[in-house]
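Asks: Quick one, coords17.pdb (PDB, C-alpha atoms):
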```pdb
MODEL        1
ATOM      1  CA  PRO A   1    -162.118-183.826 -10.500  1.00  0.00           C
ATOM      2  CA  LEU A   2    -165.438-183.348 -12.234  1.00  0.00           C
ATOM      3  CA  THR A   3    -166.844-186.470 -13.863  1.00  0.00           C
ATOM      4  CA  ILE A   4    -169.340-186.087 -16.673  1.00  0.00           C
ATOM      5  CA  HIS A   5    -170.411-189.329 -18.314  1.00  0.00           C
ATOM      6  CA  ILE A   6    -171.906-188.603 -21.744  1.00  0.00           C
ATOM      7  CA  ASP A   7    -173.434-191.527 -23.584  1.00  0.00           C
ATOM      8  CA  ASN A   8    -174.530-190.526 -27.090  1.00  0.00           C
ATOM      9  CA  GLU A   9    -177.055-193.013 -28.458  1.00  0.00           C
ATOM     10  CA  SER A  10    -178.718-190.448 -30.706  1.00  0.00           C
ATOM     11  CA  THR A  11    -178.872-191.210 -34.426  1.00  0.00           C
ATOM     12  CA  GLN A  12    -179.065-187.485 -35.271  1.00  0.00           C
ATOM     13  CA  GLN A  13    -176.110-185.882 -37.042  1.00  0.00           C
ATOM     14  CA  VAL A  14    -175.008-182.490 -35.736  1.00  0.00           C
ATOM     15  CA  ASP A  15    -172.256-180.063 -36.685  1.00  0.00           C
ATOM     16  CA  PHE A  16    -170.826-179.317 -33.231  1.00  0.00           C
ATOM     17  CA  ASP A  17    -169.206-181.105 -30.296  1.00  0.00           C
ATOM     18  CA  TYR A  18    -171.909-182.113 -27.794  1.00  0.00           C
ATOM     19  CA  ASN A  19    -169.372-183.007 -25.131  1.00  0.00           C
ATOM     20  CA  LYS A  20    -167.713-179.591 -25.042  1.00  0.00           C
ATOM     21  CA  LEU A  21    -171.055-177.730 -25.031  1.00  0.00           C
ATOM     22  CA  ILE A  22    -172.600-179.932 -22.330  1.00  0.00           C
ATOM     23  CA  GLU A  23    -169.480-179.857 -20.140  1.00  0.00           C
ATOM     24  CA  SER A  24    -169.166-176.058 -20.322  1.00  0.00           C
ATOM     25  CA  THR A  25    -172.888-175.682 -19.513  1.00  0.00           C
ATOM     26  CA  ILE A  26    -172.630-178.048 -16.530  1.00  0.00           C
ATOM     27  CA  LEU A  27    -169.538-176.271 -15.198  1.00  0.00           C
ATOM     28  CA  LYS A  28    -171.219-172.875 -15.538  1.00  0.00           C
ATOM     29  CA  CYS A  29    -174.315-174.130 -13.661  1.00  0.00           C
ATOM     30  CA  LEU A  30    -172.183-175.551 -10.838  1.00  0.00           C
ATOM     31  CA  ASP A  31    -170.197-172.295 -10.607  1.00  0.00           C
ATOM     32  CA  TYR A  32    -173.387-170.230 -10.756  1.00  0.00           C
ATOM     33  CA  GLU A  33    -174.898-172.148  -7.819  1.00  0.00           C
ATOM     34  CA  LYS A  34    -171.541-172.075  -5.995  1.00  0.00           C
ATOM     35  CA  CYS A  35    -171.495-175.862  -5.611  1.00  0.00           C
ATOM     36  CA  PRO A  36    -168.599-176.446  -3.181  1.00  0.00           C
ATOM     37  CA  TYR A  37    -167.914-179.980  -4.402  1.00  0.00           C
ATOM     38  CA  GLU A  38    -166.524-181.707  -7.425  1.00  0.00           C
ATOM     39  CA  ALA A  39    -169.497-183.464  -8.972  1.00  0.00           C
ATOM     40  CA  GLU A  40    -170.487-186.480 -11.010  1.00  0.00           C
ATOM     41  CA  ILE A  41    -173.265-186.274 -13.610  1.00  0.00           C
ATOM     42  CA  SER A  42    -174.431-188.773 -16.230  1.00  0.00           C
ATOM     43  CA  ILE A  43    -175.975-187.634 -19.518  1.00  0.00           C
ATOM     44  CA  LEU A  44    -177.742-189.792 -22.077  1.00  0.00           C
ATOM     45  CA  LEU A  45    -178.303-188.270 -25.509  1.00  0.00           C
ATOM     46  CA  THR A  46    -181.001-190.235 -27.261  1.00  0.00           C
ATOM     47  CA  ASP A  47    -183.986-190.005 -29.607  1.00  0.00           C
ATOM     48  CA  ASP A  48    -187.749-189.740 -29.117  1.00  0.00           C
ATOM     49  CA  ASN A  49    -188.467-193.497 -28.989  1.00  0.00           C
ATOM     50  CA  GLU A  50    -185.959-194.147 -26.206  1.00  0.00           C
ATOM     51  CA  ILE A  51    -186.901-191.111 -24.093  1.00  0.00           C
ATOM     52  CA  LYS A  52    -190.557-192.126 -24.473  1.00  0.00           C
ATOM     53  CA  GLU A  53    -189.716-195.542 -22.977  1.00  0.00           C
ATOM     54  CA  ILE A  54    -187.772-193.975 -20.099  1.00  0.00           C
ATOM     55  CA  ASN A  55    -190.589-191.467 -19.466  1.00  0.00           C
ATOM     56  CA  LYS A  56    -193.124-194.304 -19.401  1.00  0.00           C
ATOM     57  CA  GLN A  57    -190.987-196.482 -17.126  1.00  0.00           C
ATOM     58  CA  TYR A  58    -190.094-193.837 -14.536  1.00  0.00           C
ATOM     59  CA  ARG A  59    -192.918-191.298 -14.704  1.00  0.00           C
ATOM     60  CA  GLY A  60    -195.834-193.333 -16.065  1.00  0.00           C
ATOM     61  CA  ILE A  61    -196.124-190.924 -19.009  1.00  0.00           C
ATOM     62  CA  ASP A  62    -196.310-192.688 -22.381  1.00  0.00           C
ATOM     63  CA  ALA A  63    -194.930-189.838 -24.467  1.00  0.00           C
ATOM     64  CA  ALA A  64    -191.665-188.484 -25.772  1.00  0.00           C
ATOM     65  CA  THR A  65    -190.312-185.360 -24.101  1.00  0.00           C
ATOM     66  CA  ASP A  66    -187.287-183.100 -24.553  1.00  0.00           C
ATOM     67  CA  VAL A  67    -185.415-183.749 -21.303  1.00  0.00           C
ATOM     68  CA  LEU A  68    -185.721-185.881 -18.181  1.00  0.00           C
ATOM     69  CA  SER A  69    -183.893-185.193 -14.928  1.00  0.00           C
ATOM     70  CA  PHE A  70    -183.189-187.784 -12.269  1.00  0.00           C
ATOM     71  CA  PRO A  71    -181.774-185.981  -9.208  1.00  0.00           C
ATOM     72  CA  ALA A  72    -179.783-188.166  -6.811  1.00  0.00           C
ATOM     73  CA  ILE A  73    -180.175-185.718  -3.910  1.00  0.00           C
ATOM     74  CA  GLU A  74    -183.062-184.580  -1.730  1.00  0.00           C
ATOM     75  CA  TYR A  75    -182.410-180.912  -0.871  1.00  0.00           C
ATOM     76  CA  GLY A  76    -183.992-179.124   2.074  1.00  0.00           C
ATOM     77  CA  THR A  77    -183.646-175.895   0.092  1.00  0.00           C
ATOM     78  CA  PRO A  78    -182.880-175.753  -3.664  1.00  0.00           C
ATOM     79  CA  GLY A  79    -179.205-175.108  -4.332  1.00  0.00           C
ATOM     80  CA  ASP A  80    -178.272-175.518  -0.641  1.00  0.00           C
ATOM     81  CA  PHE A  81    -175.319-177.911  -0.438  1.00  0.00           C
ATOM     82  CA  SER A  82    -174.550-177.209   3.242  1.00  0.00           C
ATOM     83  CA  ASP A  83    -176.105-180.327   4.817  1.00  0.00           C
ATOM     84  CA  LEU A  84    -175.003-182.895   2.266  1.00  0.00           C
ATOM     85  CA  GLU A  85    -171.905-184.081   4.136  1.00  0.00           C
ATOM     86  CA  LYS A  86    -174.194-185.459   6.863  1.00  0.00           C
ATOM     87  CA  SER A  87    -175.317-187.990   4.245  1.00  0.00           C
ATOM     88  CA  GLU A  88    -171.847-188.535   2.827  1.00  0.00           C
ATOM     89  CA  GLU A  89    -172.288-192.255   2.108  1.00  0.00           C
ATOM     90  CA  GLU A  90    -175.572-191.536   0.342  1.00  0.00           C
ATOM     91  CA  TYR A  91    -174.574-188.605  -1.874  1.00  0.00           C
ATOM     92  CA  PHE A  92    -170.847-188.943  -2.540  1.00  0.00           C
ATOM     93  CA  ASN A  93    -168.947-191.429  -4.696  1.00  0.00           C
ATOM     94  CA  PRO A  94    -166.739-193.360  -2.227  1.00  0.00           C
ATOM     95  CA  ASP A  95    -163.977-193.817  -4.831  1.00  0.00           C
ATOM     96  CA  THR A  96    -163.694-190.197  -6.015  1.00  0.00           C
ATOM     97  CA  GLY A  97    -165.312-188.167  -3.232  1.00  0.00           C
ATOM     98  CA  GLU A  98    -167.447-186.464  -5.897  1.00  0.00           C
ATOM     99  CA  LEU A  99    -171.008-185.367  -5.207  1.00  0.00           C
ATOM    100  CA  ILE A 100    -173.335-187.570  -7.287  1.00  0.00           C
ATOM    101  CA  LEU A 101    -175.862-185.099  -8.698  1.00  0.00           C
ATOM    102  CA  GLY A 102    -177.851-187.484 -10.890  1.00  0.00           C
ATOM    103  CA  ASP A 103    -178.766-188.281 -14.470  1.00  0.00           C
ATOM    104  CA  ILE A 104    -179.974-186.243 -17.439  1.00  0.00           C
ATOM    105  CA  VAL A 105    -181.639-187.691 -20.538  1.00  0.00           C
ATOM    106  CA  ILE A 106    -181.987-185.463 -23.617  1.00  0.00           C
ATOM    107  CA  SER A 107    -183.846-186.321 -26.811  1.00  0.00           C
ATOM    108  CA  VAL A 108    -181.690-184.819 -29.553  1.00  0.00           C
ATOM    109  CA  GLU A 109    -184.494-185.533 -32.015  1.00  0.00           C
ATOM    110  CA  ARG A 110    -186.905-183.411 -29.929  1.00  0.00           C
ATOM    111  CA  ALA A 111    -184.232-180.721 -29.379  1.00  0.00           C
ATOM    112  CA  ILE A 112    -183.811-180.365 -33.164  1.00  0.00           C
ATOM    113  CA  LYS A 113    -187.588-179.878 -33.579  1.00  0.00           C
ATOM    114  CA  GLN A 114    -187.766-177.363 -30.721  1.00  0.00           C
ATOM    115  CA  ALA A 115    -184.787-175.359 -31.989  1.00  0.00           C
ATOM    116  CA  GLU A 116    -186.594-175.018 -35.335  1.00  0.00           C
ATOM    117  CA  GLU A 117    -189.903-174.109 -33.618  1.00  0.00           C
ATOM    118  CA  TYR A 118    -188.263-171.460 -31.402  1.00  0.00           C
ATOM    119  CA  GLY A 119    -186.083-170.139 -34.202  1.00  0.00           C
ATOM    120  CA  HIS A 120    -182.733-170.611 -32.497  1.00  0.00           C
ATOM    121  CA  SER A 121    -179.746-172.912 -32.902  1.00  0.00           C
ATOM    122  CA  LEU A 122    -179.622-176.556 -31.834  1.00  0.00           C
ATOM    123  CA  LYS A 123    -176.542-175.595 -29.828  1.00  0.00           C
ATOM    124  CA  ARG A 124    -178.669-173.156 -27.806  1.00  0.00           C
ATOM    125  CA  GLU A 125    -181.427-175.737 -27.325  1.00  0.00           C
ATOM    126  CA  ILE A 126    -179.020-178.426 -26.065  1.00  0.00           C
ATOM    127  CA  ALA A 127    -177.350-175.902 -23.714  1.00  0.00           C
ATOM    128  CA  PHE A 128    -180.785-174.776 -22.473  1.00  0.00           C
ATOM    129  CA  LEU A 129    -181.977-178.341 -21.834  1.00  0.00           C
ATOM    130  CA  THR A 130    -178.709-179.152 -20.055  1.00  0.00           C
ATOM    131  CA  ALA A 131    -178.966-176.043 -17.845  1.00  0.00           C
ATOM    132  CA  HIS A 132    -182.661-176.716 -17.164  1.00  0.00           C
ATOM    133  CA  SER A 133    -181.888-180.246 -16.067  1.00  0.00           C
ATOM    134  CA  MET A 134    -178.856-179.190 -13.993  1.00  0.00           C
ATOM    135  CA  PHE A 135    -181.056-176.878 -11.930  1.00  0.00           C
ATOM    136  CA  HIS A 136    -183.406-179.837 -11.341  1.00  0.00           C
ATOM    137  CA  LEU A 137    -180.385-181.866 -10.183  1.00  0.00           C
ATOM    138  CA  MET A 138    -179.590-179.043  -7.741  1.00  0.00           C
ATOM    139  CA  GLY A 139    -183.078-179.091  -6.234  1.00  0.00           C
ATOM    140  CA  TYR A 140    -185.005-176.541  -8.281  1.00  0.00           C
ATOM    141  CA  ASP A 141    -188.410-177.166  -9.789  1.00  0.00           C
ATOM    142  CA  HIS A 142    -191.120-175.296 -11.690  1.00  0.00           C
ATOM    143  CA  MET A 143    -194.354-176.563 -10.184  1.00  0.00           C
ATOM    144  CA  THR A 144    -195.437-173.089  -9.036  1.00  0.00           C
ATOM    145  CA  ASP A 145    -195.160-169.727 -10.806  1.00  0.00           C
ATOM    146  CA  ASP A 146    -192.592-168.546  -8.246  1.00  0.00           C
ATOM    147  CA  GLU A 147    -190.443-171.645  -8.732  1.00  0.00           C
ATOM    148  CA  ARG A 148    -190.715-171.352 -12.511  1.00  0.00           C
ATOM    149  CA  THR A 149    -189.718-167.665 -12.429  1.00  0.00           C
ATOM    150  CA  ILE A 150    -186.614-168.453 -10.332  1.00  0.00           C
ATOM    151  CA  MET A 151    -185.594-171.398 -12.501  1.00  0.00           C
ATOM    152  CA  GLU A 152    -186.113-169.502 -15.779  1.00  0.00           C
ATOM    153  CA  ALA A 153    -183.998-166.586 -14.527  1.00  0.00           C
ATOM    154  CA  LYS A 154    -181.157-168.920 -13.505  1.00  0.00           C
ATOM    155  CA  GLN A 155    -181.232-170.734 -16.864  1.00  0.00           C
ATOM    156  CA  LYS A 156    -181.182-167.444 -18.760  1.00  0.00           C
ATOM    157  CA  GLU A 157    -178.303-166.064 -16.696  1.00  0.00           C
ATOM    158  CA  VAL A 158    -176.195-169.200 -17.224  1.00  0.00           C
ATOM    159  CA  LEU A 159    -176.790-169.123 -20.995  1.00  0.00           C
ATOM    160  CA  ASP A 160    -175.942-165.405 -21.032  1.00  0.00           C
ATOM    161  CA  LEU A 161    -172.700-166.125 -19.146  1.00  0.00           C
ATOM    162  CA  LEU A 162    -171.881-168.743 -21.799  1.00  0.00           C
ATOM    163  CA  ASN A 163    -172.707-166.202 -24.546  1.00  0.00           C
ATOM    164  CA  ILE A 164    -175.362-168.540 -25.917  1.00  0.00           C
ATOM    165  CA  SER A 165    -178.272-166.362 -26.932  1.00  0.00           C
ATOM    166  CA  ARG A 166    -181.441-166.841 -28.907  1.00  0.00           C
TER
ENDMDL
END
```
Starting from the coordinates I provided, produce the structure as structure tokens.
Replies:
Amino acid sequence: PLTIHIDNESTQQVDFDYNKLIESTILKCLDYEKCPYEAEISILLTDDNEIKEINKQYRGIDAATDVLSFPAIEYGTPGDFSDLEKSEEEYFNPDTGELILGDIVISVERAIKQAEEYGHSLKREIAFLTAHSMFHLMGYDHMTDDERTIMEAKQKEVLDLLNISR
């Protein structure tokens, strides 16, 4: 099984089903990276005040942001799942056998603003933020230009596969 915990604490009203969109995006990311395991991911949908508190607590940054990723796994190489069974007790849920990828926090309030700024739908913005965060949970980052280029290409390809365009 695939376990996706979605906790919606956002006060924003939207006209689509978050759960379906987020689940399909997560599944597409896992398929895209050829993750050989069933996985467990937790998502918190919240607003700017709450994500600001989380950002301050965990990253020392006293500001709201669009998405935070908390990977549960240290990868030798991004997207390389081959050595994870060596750390089975560390990375896998003992009750389900699922790979625990980590947590994602999305500010729906910020996503609404960014969708308006970029001139695309909120649905696309939420899918983008979910995909972006999923690649973080699978070991990717964007600290260098090369890393950013790789991550941006993967995000775009996943959204294209989902037929979610700008």
Asks: For this file, the PyMOL selection byres ((chain A and resi 101-105) around 9) selects which residues, as an MDAnalysis selection string?
Replies: chainID A and resid 39:46 51 54 66:73 91:92 98:100 106:107 130 133:134 137:138
Asks: Quick one: pull the distance between CA of Asn49 (chain A) and CA of Ile61 (chain A), Å, one decimal.
Replies: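 About the pair CA of Asn49 (chain A) and CA of Ile61 (chain A): they are 12.8 Å apart.
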Asks: Using CA of Glu38 (chain A) and CA of Gly97 (chain A) as the two end points, give the distance in Å to one decimal.
Replies: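 Taking CA of Glu38 (chain A) and CA of Gly97 (chain A), their separation equals 7.8 Å.
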Asks: Expanded to explicit residues, what is the PyMOL selection byres ((chain A and resi 165) around 12) for this file, as a VMD selection string?
Replies: chain A and resid 119 to 125 127 to 128 155 to 164 166
Asks: Assuming the chain letters and numbering stay as they are in my file, what does the PyMOL selection byres ((chain A and resi 14) around 10) actually select? List them as a list in words.
Replies: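 That expression, the PyMOL selection byres ((chain A and resi 14) around 10), corresponds here to Thr11, Gln12, Gln13, Asp15, Phe16, Asp17, Tyr18, Val108, Ile112, Leu122 and Lys123 of chain A.
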Asks: Excluding Asp48 (chain A) and its own-chain neighbours fewer than 5 positions away, which residues fall within 7 Å of it when counting only C-alpha atoms? Please give them as a list in words.
Replies: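 These residues fall inside the cut-off: Ala64, Ser107, Glu109 and Arg110 of chain A.
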Asks: Mind giving me the straight-line distance from CA of Lys52 (chain A) to CA of Lys20 (chain A) in Å, one decimal?
Replies: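 According to the coordinates, CA of Lys52 (chain A) and CA of Lys20 (chain A) are separated by 26.1 Å.
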Asks: Skip Tyr75 (chain A) itself and residues of its chain fewer than 5 positions away, then list as a list of chain:residue names all residues within 12 Å of it, counting only C-alpha atoms.
Replies: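 Near neighbours after the sequence-gap exclusion: A:Asp80, A:Phe81, A:Ser82, A:Asp83, A:Leu84, A:Ser87, A:Tyr91, A:Leu101, A:Phe135, A:His136, A:Leu137, A:Met138, A:Gly139, A:Tyr140, A:Asp141.
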Asks: Padding of 3 Å on every side, edges along x, y and z, all listed atoms of region 44-47 of chain A included: what centre and edge lengths in Å, to one decimal, does that box have, as JSON?
Replies:
```
{"center_x": -180.9, "center_y": -189.3, "center_z": -25.8, "size_x": 12.2, "size_y": 8.0, "size_z": 13.5}
```
Asks: Let me make sure I understand: among A:Asp62, A:Leu21, A:Glu50, A:Glu90, which one has the smallest atom-to-atom distance to Glu74 (chain A) if we use all atoms listed in the file?
Replies: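 Between A:Asp62, A:Leu21, A:Glu50, A:Glu90, the residue approaching Glu74 (chain A) most closely is A:Glu90.
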Asks: Counting only C-alpha atoms, what is within 7 Å of Ile26 (chain A), bar same-chain residues fewer than 4 positions away, as a list of chain:residue names?
Replies: A:Ile22, A:Leu30, A:Ala131, A:Met134
